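Reproduced below: start.txt, with compact mmCIF, N, CA and C atoms.
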```txt
# COMPACT_ATOMS: atom_id res chain seq x y z
N MET K 1 50.36 -50.09 -0.64
CA MET K 1 49.76 -51.05 -1.54
C MET K 1 50.48 -50.95 -2.88
N ALA K 2 50.96 -52.05 -3.37
CA ALA K 2 51.69 -52.08 -4.64
C ALA K 2 50.74 -51.78 -5.80
N ILE K 3 51.30 -51.24 -6.87
CA ILE K 3 50.57 -50.93 -8.09
C ILE K 3 51.25 -51.68 -9.23
N VAL K 4 50.47 -52.39 -10.04
CA VAL K 4 50.97 -53.05 -11.24
C VAL K 4 50.35 -52.38 -12.44
N VAL K 5 51.16 -52.08 -13.44
CA VAL K 5 50.70 -51.56 -14.71
C VAL K 5 51.03 -52.61 -15.76
N ALA K 6 50.03 -52.99 -16.55
CA ALA K 6 50.24 -54.00 -17.60
C ALA K 6 49.47 -53.58 -18.83
N GLY K 7 50.04 -53.88 -19.99
CA GLY K 7 49.34 -53.53 -21.21
C GLY K 7 50.11 -53.88 -22.46
N THR K 8 49.63 -53.33 -23.55
CA THR K 8 50.24 -53.57 -24.85
C THR K 8 50.38 -52.27 -25.62
N ILE K 9 51.41 -52.25 -26.46
CA ILE K 9 51.63 -51.16 -27.40
C ILE K 9 51.87 -51.81 -28.75
N ASP K 10 51.13 -51.40 -29.76
CA ASP K 10 51.30 -51.94 -31.10
C ASP K 10 51.95 -50.90 -31.99
N VAL K 11 52.99 -51.32 -32.68
CA VAL K 11 53.66 -50.51 -33.71
C VAL K 11 53.72 -51.36 -34.97
N ALA K 12 54.11 -50.77 -36.07
CA ALA K 12 54.30 -51.55 -37.29
C ALA K 12 55.33 -52.65 -36.99
N PRO K 13 55.11 -53.86 -37.50
CA PRO K 13 56.03 -54.97 -37.19
C PRO K 13 57.50 -54.64 -37.42
N GLU K 14 57.82 -53.91 -38.46
CA GLU K 14 59.22 -53.58 -38.73
C GLU K 14 59.78 -52.54 -37.76
N ARG K 15 58.92 -51.88 -36.98
CA ARG K 15 59.36 -50.88 -36.01
C ARG K 15 59.54 -51.46 -34.60
N ARG K 16 59.05 -52.67 -34.36
CA ARG K 16 59.09 -53.20 -32.99
C ARG K 16 60.51 -53.34 -32.46
N GLU K 17 61.39 -54.03 -33.18
CA GLU K 17 62.74 -54.27 -32.66
C GLU K 17 63.52 -52.97 -32.45
N PRO K 18 63.52 -52.03 -33.40
CA PRO K 18 64.23 -50.77 -33.11
C PRO K 18 63.60 -49.99 -31.96
N THR K 19 62.28 -50.07 -31.84
CA THR K 19 61.61 -49.37 -30.73
C THR K 19 62.06 -49.95 -29.40
N LEU K 20 62.11 -51.27 -29.30
CA LEU K 20 62.58 -51.91 -28.07
C LEU K 20 64.05 -51.62 -27.80
N ARG K 21 64.87 -51.77 -28.80
CA ARG K 21 66.32 -51.54 -28.64
C ARG K 21 66.61 -50.12 -28.18
N ASP K 22 65.95 -49.15 -28.81
CA ASP K 22 66.22 -47.75 -28.50
C ASP K 22 65.55 -47.29 -27.20
N ALA K 23 64.70 -48.15 -26.63
CA ALA K 23 64.04 -47.81 -25.37
C ALA K 23 64.89 -48.13 -24.14
N VAL K 24 65.99 -48.83 -24.32
CA VAL K 24 66.80 -49.26 -23.18
C VAL K 24 67.13 -48.12 -22.21
N PRO K 25 67.56 -46.95 -22.68
CA PRO K 25 67.86 -45.89 -21.69
C PRO K 25 66.62 -45.38 -20.94
N TYR K 26 65.45 -45.39 -21.59
CA TYR K 26 64.23 -44.93 -20.92
C TYR K 26 63.78 -45.94 -19.87
N ILE K 27 63.94 -47.21 -20.19
CA ILE K 27 63.60 -48.26 -19.24
C ILE K 27 64.55 -48.19 -18.04
N ALA K 28 65.84 -48.01 -18.31
CA ALA K 28 66.82 -47.90 -17.23
C ALA K 28 66.52 -46.69 -16.33
N ALA K 29 66.12 -45.58 -16.94
CA ALA K 29 65.80 -44.38 -16.14
C ALA K 29 64.58 -44.63 -15.25
N ALA K 30 63.58 -45.31 -15.78
CA ALA K 30 62.39 -45.63 -14.96
C ALA K 30 62.77 -46.56 -13.82
N LEU K 31 63.58 -47.57 -14.10
CA LEU K 31 64.00 -48.51 -13.05
C LEU K 31 64.78 -47.83 -11.94
N ALA K 32 65.43 -46.72 -12.25
CA ALA K 32 66.21 -45.99 -11.25
C ALA K 32 65.35 -45.06 -10.39
N GLU K 33 64.09 -44.90 -10.74
CA GLU K 33 63.22 -44.00 -9.98
C GLU K 33 62.81 -44.63 -8.65
N PRO K 34 62.61 -43.79 -7.63
CA PRO K 34 62.15 -44.31 -6.34
C PRO K 34 60.84 -45.08 -6.49
N GLY K 35 60.78 -46.25 -5.88
CA GLY K 35 59.55 -47.03 -5.87
C GLY K 35 59.32 -47.92 -7.07
N CYS K 36 60.21 -47.87 -8.06
CA CYS K 36 60.04 -48.74 -9.22
C CYS K 36 60.67 -50.10 -8.91
N ILE K 37 59.83 -51.12 -8.87
CA ILE K 37 60.29 -52.48 -8.60
C ILE K 37 60.61 -53.19 -9.91
N GLU K 38 59.76 -52.99 -10.92
CA GLU K 38 59.93 -53.64 -12.22
C GLU K 38 59.41 -52.72 -13.31
N TYR K 39 60.10 -52.71 -14.43
CA TYR K 39 59.68 -51.89 -15.58
C TYR K 39 60.25 -52.59 -16.81
N ALA K 40 59.39 -53.22 -17.58
CA ALA K 40 59.88 -54.02 -18.70
C ALA K 40 58.99 -53.86 -19.92
N TRP K 41 59.63 -53.80 -21.06
CA TRP K 41 58.96 -53.88 -22.36
C TRP K 41 59.52 -55.11 -23.04
N THR K 42 58.65 -55.96 -23.55
CA THR K 42 59.11 -57.17 -24.23
C THR K 42 58.30 -57.39 -25.51
N ALA K 43 58.91 -58.07 -26.46
CA ALA K 43 58.23 -58.41 -27.70
C ALA K 43 57.25 -59.53 -27.44
N ASP K 44 56.04 -59.39 -27.95
CA ASP K 44 55.06 -60.47 -27.91
C ASP K 44 55.36 -61.35 -29.12
N LEU K 45 55.87 -62.53 -28.88
CA LEU K 45 56.34 -63.39 -29.97
C LEU K 45 55.22 -63.98 -30.81
N SER K 46 53.98 -63.86 -30.36
CA SER K 46 52.86 -64.37 -31.15
C SER K 46 52.16 -63.29 -31.98
N ARG K 47 52.55 -62.02 -31.77
CA ARG K 47 51.91 -60.93 -32.50
C ARG K 47 52.97 -59.95 -33.01
N PRO K 48 53.28 -59.97 -34.29
CA PRO K 48 54.27 -59.03 -34.84
C PRO K 48 53.84 -57.59 -34.57
N GLY K 49 54.76 -56.80 -34.09
CA GLY K 49 54.48 -55.40 -33.82
C GLY K 49 53.99 -55.12 -32.41
N ARG K 50 53.65 -56.14 -31.64
CA ARG K 50 53.13 -55.91 -30.28
C ARG K 50 54.25 -55.93 -29.26
N ILE K 51 54.22 -54.93 -28.37
CA ILE K 51 55.13 -54.81 -27.24
C ILE K 51 54.30 -54.98 -25.98
N ARG K 52 54.75 -55.84 -25.09
CA ARG K 52 54.09 -56.03 -23.79
C ARG K 52 54.76 -55.12 -22.77
N VAL K 53 53.96 -54.47 -21.95
CA VAL K 53 54.45 -53.56 -20.92
C VAL K 53 54.10 -54.15 -19.56
N PHE K 54 55.08 -54.15 -18.66
CA PHE K 54 54.83 -54.58 -17.29
C PHE K 54 55.61 -53.66 -16.36
N GLU K 55 54.91 -53.08 -15.39
CA GLU K 55 55.53 -52.22 -14.39
C GLU K 55 55.01 -52.62 -13.01
N GLU K 56 55.86 -52.47 -12.01
CA GLU K 56 55.43 -52.66 -10.63
C GLU K 56 56.01 -51.52 -9.80
N TRP K 57 55.15 -50.88 -9.04
CA TRP K 57 55.52 -49.72 -8.22
C TRP K 57 55.15 -50.00 -6.77
N THR K 58 55.92 -49.46 -5.85
CA THR K 58 55.65 -49.71 -4.43
C THR K 58 54.40 -48.99 -3.94
N SER K 59 54.04 -47.88 -4.61
CA SER K 59 52.88 -47.11 -4.14
C SER K 59 52.31 -46.26 -5.26
N GLU K 60 51.11 -45.78 -5.00
CA GLU K 60 50.45 -44.85 -5.92
C GLU K 60 51.27 -43.56 -6.03
N ALA K 61 51.83 -43.10 -4.92
CA ALA K 61 52.63 -41.88 -4.93
C ALA K 61 53.86 -42.03 -5.84
N ASP K 62 54.51 -43.20 -5.80
CA ASP K 62 55.68 -43.42 -6.66
C ASP K 62 55.28 -43.46 -8.13
N LEU K 63 54.16 -44.09 -8.44
CA LEU K 63 53.68 -44.10 -9.83
C LEU K 63 53.32 -42.68 -10.26
N ALA K 64 52.68 -41.93 -9.38
CA ALA K 64 52.32 -40.54 -9.71
C ALA K 64 53.56 -39.71 -10.01
N ALA K 65 54.61 -39.89 -9.22
CA ALA K 65 55.85 -39.15 -9.47
C ALA K 65 56.45 -39.55 -10.82
N HIS K 66 56.40 -40.83 -11.14
CA HIS K 66 56.91 -41.30 -12.44
C HIS K 66 56.14 -40.64 -13.58
N LEU K 67 54.82 -40.57 -13.46
CA LEU K 67 53.99 -40.02 -14.54
C LEU K 67 54.17 -38.52 -14.74
N CYS K 68 54.84 -37.88 -13.80
CA CYS K 68 55.14 -36.44 -13.91
C CYS K 68 56.61 -36.17 -14.18
N GLY K 69 57.40 -37.23 -14.39
CA GLY K 69 58.84 -37.07 -14.50
C GLY K 69 59.39 -37.23 -15.90
N GLN K 70 60.64 -36.83 -16.04
CA GLN K 70 61.31 -36.88 -17.34
C GLN K 70 61.41 -38.28 -17.95
N PRO K 71 61.69 -39.33 -17.16
CA PRO K 71 61.72 -40.67 -17.78
C PRO K 71 60.41 -41.02 -18.50
N TYR K 72 59.28 -40.67 -17.88
CA TYR K 72 57.99 -40.94 -18.51
C TYR K 72 57.82 -40.10 -19.78
N PHE K 73 58.14 -38.82 -19.70
CA PHE K 73 57.99 -37.96 -20.88
C PHE K 73 58.89 -38.41 -22.02
N SER K 74 60.10 -38.82 -21.71
CA SER K 74 61.02 -39.31 -22.74
C SER K 74 60.49 -40.59 -23.38
N MET K 75 59.97 -41.50 -22.57
CA MET K 75 59.40 -42.73 -23.08
C MET K 75 58.19 -42.43 -23.96
N ARG K 76 57.33 -41.54 -23.53
CA ARG K 76 56.15 -41.16 -24.31
C ARG K 76 56.55 -40.60 -25.67
N ASP K 77 57.55 -39.75 -25.69
CA ASP K 77 58.01 -39.16 -26.95
C ASP K 77 58.64 -40.22 -27.85
N HIS K 78 59.40 -41.14 -27.25
CA HIS K 78 60.01 -42.23 -28.01
C HIS K 78 58.94 -43.08 -28.68
N LEU K 79 57.92 -43.44 -27.93
CA LEU K 79 56.84 -44.26 -28.50
C LEU K 79 56.06 -43.49 -29.55
N GLY K 80 55.85 -42.22 -29.34
CA GLY K 80 55.16 -41.40 -30.34
C GLY K 80 55.91 -41.37 -31.66
N ALA K 81 57.24 -41.28 -31.57
CA ALA K 81 58.06 -41.27 -32.78
C ALA K 81 58.06 -42.64 -33.47
N ALA K 82 57.79 -43.71 -32.72
CA ALA K 82 57.76 -45.06 -33.29
C ALA K 82 56.50 -45.31 -34.11
N GLY K 83 55.50 -44.46 -33.93
CA GLY K 83 54.26 -44.63 -34.69
C GLY K 83 53.33 -45.65 -34.07
N ILE K 84 52.79 -45.33 -32.91
CA ILE K 84 51.87 -46.25 -32.24
C ILE K 84 50.62 -46.47 -33.10
N VAL K 85 50.29 -47.73 -33.30
CA VAL K 85 49.09 -48.11 -34.03
C VAL K 85 47.92 -48.27 -33.06
N ALA K 86 48.20 -48.84 -31.89
CA ALA K 86 47.20 -49.04 -30.84
C ALA K 86 47.93 -49.21 -29.51
N ALA K 87 47.24 -48.92 -28.44
CA ALA K 87 47.82 -49.11 -27.11
C ALA K 87 46.70 -49.29 -26.09
N MET K 88 46.99 -50.09 -25.08
CA MET K 88 46.04 -50.31 -23.99
C MET K 88 46.87 -50.68 -22.76
N THR K 89 46.74 -49.87 -21.72
CA THR K 89 47.40 -50.19 -20.45
C THR K 89 46.39 -50.01 -19.34
N GLN K 90 46.55 -50.82 -18.30
CA GLN K 90 45.70 -50.73 -17.13
C GLN K 90 46.56 -50.81 -15.89
N LYS K 91 46.06 -50.23 -14.80
CA LYS K 91 46.77 -50.30 -13.52
C LYS K 91 45.92 -51.10 -12.54
N TYR K 92 46.60 -51.80 -11.64
CA TYR K 92 45.95 -52.66 -10.67
C TYR K 92 46.51 -52.38 -9.28
N ARG K 93 45.65 -52.24 -8.30
CA ARG K 93 46.08 -52.16 -6.90
C ARG K 93 46.23 -53.58 -6.40
N VAL K 94 47.34 -53.84 -5.73
CA VAL K 94 47.63 -55.18 -5.25
C VAL K 94 47.57 -55.18 -3.73
N ASP K 95 46.63 -55.93 -3.18
CA ASP K 95 46.49 -55.93 -1.72
C ASP K 95 47.16 -57.11 -1.04
N HIS K 96 47.60 -58.12 -1.82
CA HIS K 96 48.27 -59.27 -1.22
C HIS K 96 49.18 -59.90 -2.26
N ILE K 97 50.40 -60.19 -1.87
CA ILE K 97 51.38 -60.79 -2.77
C ILE K 97 51.93 -62.04 -2.11
N GLU K 98 52.00 -63.12 -2.88
CA GLU K 98 52.62 -64.34 -2.38
C GLU K 98 53.08 -65.17 -3.56
N PRO K 99 53.90 -66.18 -3.33
CA PRO K 99 54.40 -67.00 -4.43
C PRO K 99 53.29 -67.89 -5.01
N VAL K 100 53.48 -68.30 -6.24
CA VAL K 100 52.56 -69.25 -6.87
C VAL K 100 52.73 -70.63 -6.26
N TYR K 101 53.96 -70.99 -5.93
CA TYR K 101 54.26 -72.33 -5.41
C TYR K 101 54.31 -72.31 -3.89
N ASP K 102 53.65 -73.28 -3.27
CA ASP K 102 53.66 -73.37 -1.81
C ASP K 102 54.97 -74.00 -1.34
N PRO K 103 55.19 -74.10 -0.02
CA PRO K 103 56.46 -74.65 0.48
C PRO K 103 56.76 -76.08 0.01
N GLU K 104 55.75 -76.81 -0.40
CA GLU K 104 55.96 -78.17 -0.91
C GLU K 104 56.20 -78.18 -2.42
N GLY K 105 56.23 -77.00 -3.06
CA GLY K 105 56.50 -76.92 -4.49
C GLY K 105 55.28 -77.11 -5.38
N ARG K 106 54.09 -77.08 -4.79
CA ARG K 106 52.86 -77.23 -5.57
C ARG K 106 52.36 -75.87 -6.05
N PRO K 107 51.95 -75.76 -7.34
CA PRO K 107 51.36 -74.51 -7.81
C PRO K 107 49.98 -74.34 -7.19
N ARG K 108 49.68 -73.12 -6.77
CA ARG K 108 48.40 -72.86 -6.10
C ARG K 108 47.73 -71.63 -6.69
N ALA K 109 46.45 -71.72 -6.96
CA ALA K 109 45.66 -70.58 -7.42
C ALA K 109 45.12 -69.79 -6.23
N ASP K 110 44.88 -70.45 -5.11
CA ASP K 110 44.36 -69.78 -3.92
C ASP K 110 45.49 -69.01 -3.23
N PHE K 111 45.11 -68.05 -2.43
CA PHE K 111 46.07 -67.27 -1.67
C PHE K 111 46.25 -67.94 -0.31
N PHE K 112 47.17 -68.90 -0.27
CA PHE K 112 47.31 -69.79 0.87
C PHE K 112 47.95 -69.15 2.09
N THR K 113 48.60 -68.00 1.94
CA THR K 113 49.18 -67.34 3.12
C THR K 113 48.26 -66.25 3.67
N ALA K 114 47.19 -65.92 2.96
CA ALA K 114 46.28 -64.88 3.41
C ALA K 114 45.39 -65.42 4.53
N LYS K 115 45.10 -64.54 5.46
CA LYS K 115 44.19 -64.94 6.55
C LYS K 115 42.81 -65.17 5.97
N LYS K 116 42.19 -66.26 6.39
CA LYS K 116 40.82 -66.56 5.96
C LYS K 116 39.85 -65.85 6.90
N SER K 117 38.79 -65.28 6.31
CA SER K 117 37.82 -64.58 7.16
C SER K 117 36.63 -65.44 7.47
```
Encoding of this model in structure tokens:
Amino acid sequence: MAIVVAGTIDVAPERREPTLRDAVPYIAAALAEPGCIEYAWTADLSRPGRIRVFEEWTSEADLAAHLCGQPYFSMRDHLGAAGIVAAMTQKYRVDHIEPVYDPEGRPRADFFTAKKS
């Protein structure tokens, strides 16, 4: 079962760009870990100082290994040095994944490929 981690990290507005720029090696290290599908930090363009976090892992075990590994510790230390003002992250278990657009190109909110019970 896939795991998604999503959240926000707030730093002083003048610290956001250097924090993102200097995070590139930590993000690359996380992406190289087994089971890491996606690992991204991006600037929230509507909120100065806010960084959006998005991660996708193939399993709970892979996320657990990441949380005990050097890439995670390095990222944590990097963010600590940036002066976190606030942070909130949550993890989600994903039991079904499918595209937003169906074969005819229509956007769908329902899970059209899932078996109906």
Check your understanding: Between K:Arg50, K:Lys91, K:His78, K:Arg21, which has the minimum distance to K:Ala64 (counting only C-alpha atoms)?
Key -> K:Lys91
Review point. Within 6 Å of K:Arg16, counting only C-alpha atoms, which residues qualify if same-chain residues fewer than 3 places away don't, as a ChimeraX atom specification?
Key: /K:13,19,49
Review point. Near stretch 94-106 of chain K, within 8 Å and counting all atoms listed in the file, which residues show up once chain neighbours fewer than 5 positions away are dropped, as a ChimeraX atom specification?
Key: /K:1-4,111-114
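Look at K:Ile9: the protein and nucleic acid residues within 7 Å of it, using only C-alpha atoms and passing over chain neighbours fewer than 5 places away, are Arg50, Ile51, Arg52, Ile84, Ala86, Ala87 and Met88 of chain K.
Our summary of the geometry notes that atom N of K:Ala12 is positioned 8.6 Å from atom N of K:Ala82.
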Study note, to complete from the structure: Between K:Tyr72, K:Pro48, K:Ala43, K:Arg15, smallest distance to K:Ala30 by only C-alpha atoms belongs to K:Tyr72
Practice item. Give the alpha helix (DSSP H) residues of chain K, as DSSP finds them on the backbone, and put them as number ranges by chain. Key: K: 13-22, 24-31, 60-67, 70-82
Kindly provide, as JSON, the centre and edge lengths (Å, one decimal) of an axis-aligned box around all atoms of stretch 61-67 of chain K given in the file, with 5 Å on each side.
```
{"center_x": 54.4, "center_y": -41.3, "center_z": -9.8, "size_x": 15.1, "size_y": 15.6, "size_z": 19.8}
```
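Atom CA of K:Thr58 is positioned 21.8 Å from atom CA of K:Val24.
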**Study point:** Those of stretch 32-75 of chain K in DSSP strand (DSSP E or B), formatted as a list in words
**Key:** Cys36, Ile37, Glu38, Tyr39, Ala40, Trp41, Thr42, Ala43, Arg50, Ile51, Arg52, Val53, Phe54, Glu55, Glu56 and Trp57 of chain K
Revision key, fill the gap. Correct to one decimal, the distance atom CA of K:Glu38-atom CA of K:Glu55 is 5.1 Å
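Across K:Leu31, K:Val53, K:Leu45, K:Met75, the tightest approach to K:Thr8 is made by K:Val53 when counting only N, CA and C atoms.
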